[in-house]
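See below for the structure under consideration.
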Amino acid sequence: MKVLVTGTAGFIGSTLALRLLARGDEVIGIDNINDYYDVDLKLARLARVKAQPGFTDVRGDIEDADLMKKTFAAHRPDKVVNLAAQAGVRYSLENPRAYVDANVVGFLNVIENCRHHDVQHLVYASTSSVYGNHTNMPFSVHESVDHPVSLYAATKKCNELMAHTYSHLFQLPTTGLRFFTVYGPWGRPDMALFLFTRKILAGEPIDVFNYGRHKRDFTFVDDIVEGVIRTLDNVAAPNPEWDSNKPDPASSSAPFRVYNIGNNAPVELEHYIRVLEGCLNKTAEKNLLPLQAGDVPDTFADVSDLVRDVDYKPDTSVEDGVARFVDWYREYYDI
């Protein structure tokens, strides 16, 4: 089939595009290659994708309404995966407008064009950050998420609300995936694993927030991408048991679904660092700091709905995943 993927120079987007191309799909990729982090890394990811047959590279912003309209009209995708976004919890405290532009205006352009071009299914990235200060573990998609603690999380919750509206009004099948701390080769330099690896190898101290005590449902990128593809192939449908007297936030009488996509096995940050130290054969010097504004103490995904509906089975341990990242990092940076 023909799949439009936004954010194809990104960590998850480039990995997804390669998997779709490998199975014979045609991929139209959109990315603006912005400088939020290392542009050379983004171009290197994109180069791997562009080397494969069946890929069309579109350069630009998803918040550019004219570009999006022309792209959809020219290529007529069967399905769409929206991964383009302004990411990062902490940066949203510094530059909130960037989040509204990319994550709200950009998403509107994507979903409007899905509506007008008869797209069969829109799958889009949400985030575990929408759970905010929830402490009831594991996080369930069947609970409300009305208390975000960062603007980034608020914009992603906004995407879920917008998607439901379009599913209800126009019968557009939409599925939101709440990603839980994705890591692995070709990852983002602003994420902890990348930052820690660079600093430990350079002999510099690492900043360890919440004194290393918080837990994250670290999820290897290949497991995430497998879940995205399975979800993309499983077109959202109305829930025949949905009850308006007891509304379920994860489904609807419209073709709308929301899932958690995580490893379902939270790991304490301190252990994550110990695994990395073992892979690098080097001990980290740590600056132990309190939890940062906008961060949540712990994340733990209840993925039972995704297991039930698409047979999702994440199986990469932190030990294996971190080792694979370190191998890639040494090769990419010739260390």
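Starting from 1 in every chain, residues are counted up; chains themselves are A, B, ... following the order of the structure tokens, and ligands are numbered from 1 as listed.
Those residues that approach segment 117-125 of chain A to within 6 Å, counting only C-alpha atoms, are Asp78, Lys79, Val80, Val81, Asn82, Leu83, Asn113, Cys114, Pro173, Thr174, Thr175, Gly176, Leu177 and Val235 of chain A; same-chain residues fewer than 3 positions away are not listed.
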Within segment 110-238 of chain A, find each residue whose DSSP state, derived from the backbone, is helix (DSSP H, G or I), and express the selection as a PyMOL selection string. chain A and resi 110-116+128-131+151-170+192-202+210-212+221-233
From the set A:His75, A:Arg178, A:Arg230, A:Arg324, which residue has the shortest atom-to-atom contact distance to Ala250 of chain A, counting only C-alpha atoms? A:Arg178
Among the residues A:Phe256, A:Phe55, A:Trp186, A:Phe300, the one that comes closest to Tyr333 of chain A [using only C-alpha atoms]: A:Trp186
Using only C-alpha atoms, what does the table of segment 152-226 of chain A residues within 10 Å of segment 12-28 of chain A look like, with each row giving the shortest atom pair and its distance in Å to one decimal, sorted by chain and ascending number, as a tab-separated table?
residue	atom	partner	partner_atom	distance
A:Val182	CA	A:Ile12	CA	8.3
A:Tyr183	CA	A:Ile12	CA	9.3
A:Gly184	CA	A:Ile12	CA	9.6
A:Pro185	CA	A:Thr15	CA	9.5
A:Trp186	CA	A:Thr15	CA	8.6
A:Gly187	CA	A:Ile12	CA	8.1
A:Arg188	CA	A:Ile12	CA	9.5
A:Val221	CA	A:Ile12	CA	6.7
A:Asp222	CA	A:Thr15	CA	7.7
A:Ile224	CA	A:Ile12	CA	8.0
A:Val225	CA	A:Leu16	CA	5.6
A:Glu226	CA	A:Leu16	CA	8.3
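One distance worth recording is that between atom CA of Asn287 of chain A and atom CA of Tyr37 of chain A, which is 23.3 Å.
Across A:Thr135, A:Thr181, A:Lys50, A:Ala73, the tightest approach to Gly88 of chain A is made by A:Thr181 when counting only C-alpha atoms.
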List the neighbours of Ile273 of chain A out to 9 Å using only C-alpha atoms; skip same-chain residues closer than 3 positions along the sequence, and give me the result as a list in words. Leu193, Phe196, Gly212, Glu268, Leu269, Glu270, Leu276, Glu277, Gly278 and Ala284 of chain A
Please produce a file of those selected residues containing all heavy atoms, as a PDB file, in the first residue's frame.
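Produced file selection10.pdb, reproduced below:
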ATOM      1  N   LEU A 193      19.782   8.224  27.282  1.00  0.00           N
ATOM      2  CA  LEU A 193      20.779   7.223  26.899  1.00  0.00           C
ATOM      3  C   LEU A 193      21.876   7.832  26.047  1.00  0.00           C
ATOM      4  O   LEU A 193      23.070   7.560  26.242  1.00  0.00           O
ATOM      5  CB  LEU A 193      20.102   6.068  26.159  1.00  0.00           C
ATOM      6  CG  LEU A 193      21.013   4.910  25.758  1.00  0.00           C
ATOM      7  CD1 LEU A 193      21.693   4.301  26.962  1.00  0.00           C
ATOM      8  CD2 LEU A 193      20.209   3.848  25.003  1.00  0.00           C
ATOM      9  N   PHE A 196      23.956  10.327  28.279  1.00  0.00           N
ATOM     10  CA  PHE A 196      24.795   9.602  29.221  1.00  0.00           C
ATOM     11  C   PHE A 196      25.992   8.962  28.519  1.00  0.00           C
ATOM     12  O   PHE A 196      27.121   9.027  29.015  1.00  0.00           O
ATOM     13  CB  PHE A 196      23.989   8.508  29.934  1.00  0.00           C
ATOM     14  CG  PHE A 196      22.951   9.016  30.902  1.00  0.00           C
ATOM     15  CD1 PHE A 196      21.979   8.155  31.394  1.00  0.00           C
ATOM     16  CD2 PHE A 196      22.939  10.339  31.325  1.00  0.00           C
ATOM     17  CE1 PHE A 196      21.019   8.606  32.292  1.00  0.00           C
ATOM     18  CE2 PHE A 196      21.987  10.801  32.230  1.00  0.00           C
ATOM     19  CZ  PHE A 196      21.022   9.921  32.714  1.00  0.00           C
ATOM     20  N   GLY A 212      18.080   9.381  40.551  1.00  0.00           N
ATOM     21  CA  GLY A 212      18.131   8.065  39.921  1.00  0.00           C
ATOM     22  C   GLY A 212      17.041   7.112  40.348  1.00  0.00           C
ATOM     23  O   GLY A 212      17.045   5.938  39.966  1.00  0.00           O
ATOM     24  N   GLU A 268      14.238   1.090  36.913  1.00  0.00           N
ATOM     25  CA  GLU A 268      14.725   2.256  37.642  1.00  0.00           C
ATOM     26  C   GLU A 268      15.902   2.873  36.893  1.00  0.00           C
ATOM     27  O   GLU A 268      16.749   2.161  36.345  1.00  0.00           O
ATOM     28  CB  GLU A 268      15.152   1.859  39.054  1.00  0.00           C
ATOM     29  CG  GLU A 268      15.320   3.036  39.990  1.00  0.00           C
ATOM     30  CD  GLU A 268      15.406   2.614  41.444  1.00  0.00           C
ATOM     31  OE1 GLU A 268      16.386   1.937  41.799  1.00  0.00           O
ATOM     32  OE2 GLU A 268      14.499   2.971  42.214  1.00  0.00           O
ATOM     33  N   LEU A 269      15.946   4.200  36.851  1.00  0.00           N
ATOM     34  CA  LEU A 269      17.002   4.904  36.117  1.00  0.00           C
ATOM     35  C   LEU A 269      18.379   4.479  36.592  1.00  0.00           C
ATOM     36  O   LEU A 269      19.308   4.333  35.785  1.00  0.00           O
ATOM     37  CB  LEU A 269      16.824   6.418  36.280  1.00  0.00           C
ATOM     38  CG  LEU A 269      17.838   7.295  35.550  1.00  0.00           C
ATOM     39  CD1 LEU A 269      17.800   7.057  34.048  1.00  0.00           C
ATOM     40  CD2 LEU A 269      17.575   8.771  35.854  1.00  0.00           C
ATOM     41  N   GLU A 270      18.540   4.264  37.886  1.00  0.00           N
ATOM     42  CA  GLU A 270      19.835   3.851  38.426  1.00  0.00           C
ATOM     43  C   GLU A 270      20.296   2.535  37.802  1.00  0.00           C
ATOM     44  O   GLU A 270      21.472   2.358  37.469  1.00  0.00           O
ATOM     45  CB  GLU A 270      19.731   3.719  39.950  1.00  0.00           C
ATOM     46  CG  GLU A 270      21.063   3.509  40.631  1.00  0.00           C
ATOM     47  CD  GLU A 270      20.926   3.480  42.146  1.00  0.00           C
ATOM     48  OE1 GLU A 270      19.849   3.830  42.659  1.00  0.00           O
ATOM     49  OE2 GLU A 270      21.915   3.103  42.812  1.00  0.00           O
ATOM     50  N   LEU A 276      24.323   0.567  31.277  1.00  0.00           N
ATOM     51  CA  LEU A 276      25.123   1.344  30.331  1.00  0.00           C
ATOM     52  C   LEU A 276      26.597   1.341  30.729  1.00  0.00           C
ATOM     53  O   LEU A 276      27.482   1.177  29.868  1.00  0.00           O
ATOM     54  CB  LEU A 276      24.596   2.776  30.260  1.00  0.00           C
ATOM     55  CG  LEU A 276      25.371   3.751  29.370  1.00  0.00           C
ATOM     56  CD1 LEU A 276      25.421   3.251  27.921  1.00  0.00           C
ATOM     57  CD2 LEU A 276      24.747   5.135  29.427  1.00  0.00           C
ATOM     58  N   GLU A 277      26.883   1.504  32.001  1.00  0.00           N
ATOM     59  CA  GLU A 277      28.272   1.476  32.470  1.00  0.00           C
ATOM     60  C   GLU A 277      28.922   0.138  32.121  1.00  0.00           C
ATOM     61  O   GLU A 277      30.087   0.092  31.707  1.00  0.00           O
ATOM     62  CB  GLU A 277      28.317   1.693  33.984  1.00  0.00           C
ATOM     63  CG  GLU A 277      27.970   3.105  34.429  1.00  0.00           C
ATOM     64  CD  GLU A 277      27.861   3.227  35.944  1.00  0.00           C
ATOM     65  OE1 GLU A 277      27.377   2.267  36.592  1.00  0.00           O
ATOM     66  OE2 GLU A 277      28.229   4.291  36.470  1.00  0.00           O
ATOM     67  N   GLY A 278      28.167  -0.951  32.268  1.00  0.00           N
ATOM     68  CA  GLY A 278      28.702  -2.261  31.930  1.00  0.00           C
ATOM     69  C   GLY A 278      29.014  -2.386  30.448  1.00  0.00           C
ATOM     70  O   GLY A 278      30.051  -2.944  30.060  1.00  0.00           O
ATOM     71  N   ALA A 284      30.307   5.916  35.585  1.00  0.00           N
ATOM     72  CA  ALA A 284      29.858   7.300  35.421  1.00  0.00           C
ATOM     73  C   ALA A 284      30.079   8.099  36.702  1.00  0.00           C
ATOM     74  O   ALA A 284      29.916   7.587  37.807  1.00  0.00           O
ATOM     75  CB  ALA A 284      28.379   7.334  35.053  1.00  0.00           C
TER      76      ALA A 284
END
Which segment 191-289 of chain A residues have any atom within 9 Å of an atom of segment 155-167 of chain A, and for each, what is the nearest pair of atoms with distance in Å to one decimal, counting only C-alpha atoms, rows sorted by chain and number, as a tab-separated table?
residue	atom	partner	partner_atom	distance
A:Ser251	CA	A:His164	CA	9.0
A:Ser252	CA	A:His164	CA	8.1
A:Ala254	CA	A:Ser167	CA	5.6
A:Pro255	CA	A:Ser167	CA	5.7
A:Phe256	CA	A:Ser167	CA	6.0
A:Arg257	CA	A:His164	CA	8.4
A:Val258	CA	A:Glu160	CA	7.8
Run DSSP on the backbone of this structure and report the residues of segment 130-317 of chain A it assigns to strand (DSSP E or B), as a ChimeraX atom specification. /A:139,174-179,182-183,206-209,215-216,219-220,256-261,267-268,286-289,298,301
Residue neighbourhood Leu46 of chain A, 9 Å, only C-alpha atoms, exclusion window fewer than 5 positions, as a ChimeraX atom specification: /A:8-10,14,41,51,57
Within 8 Å of Tyr131 of chain A, counting only C-alpha atoms, which residues qualify if same-chain residues fewer than 4 places away don't, as a ChimeraX atom specification? /A:139,145-148
For the selection you just gave me, I'd like the residues written to a file as a compact mmCIF listing (two decimals), in the first residue's frame, keeping C-alpha atoms.
# COMPACT_ATOMS: atom_id res chain seq x y z
CA PHE A 139 -1.12 3.48 33.38
CA VAL A 145 -5.81 12.02 31.39
CA ASP A 146 -6.95 15.54 32.18
CA HIS A 147 -4.02 16.70 34.32
CA PRO A 148 -0.92 17.11 32.10
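In terms of minimum interatomic distance to Val208 of chain A, A:Gln292 ranks closest within A:Thr231, A:Thr6, A:Gln292, A:Asn239, counting only C-alpha atoms.
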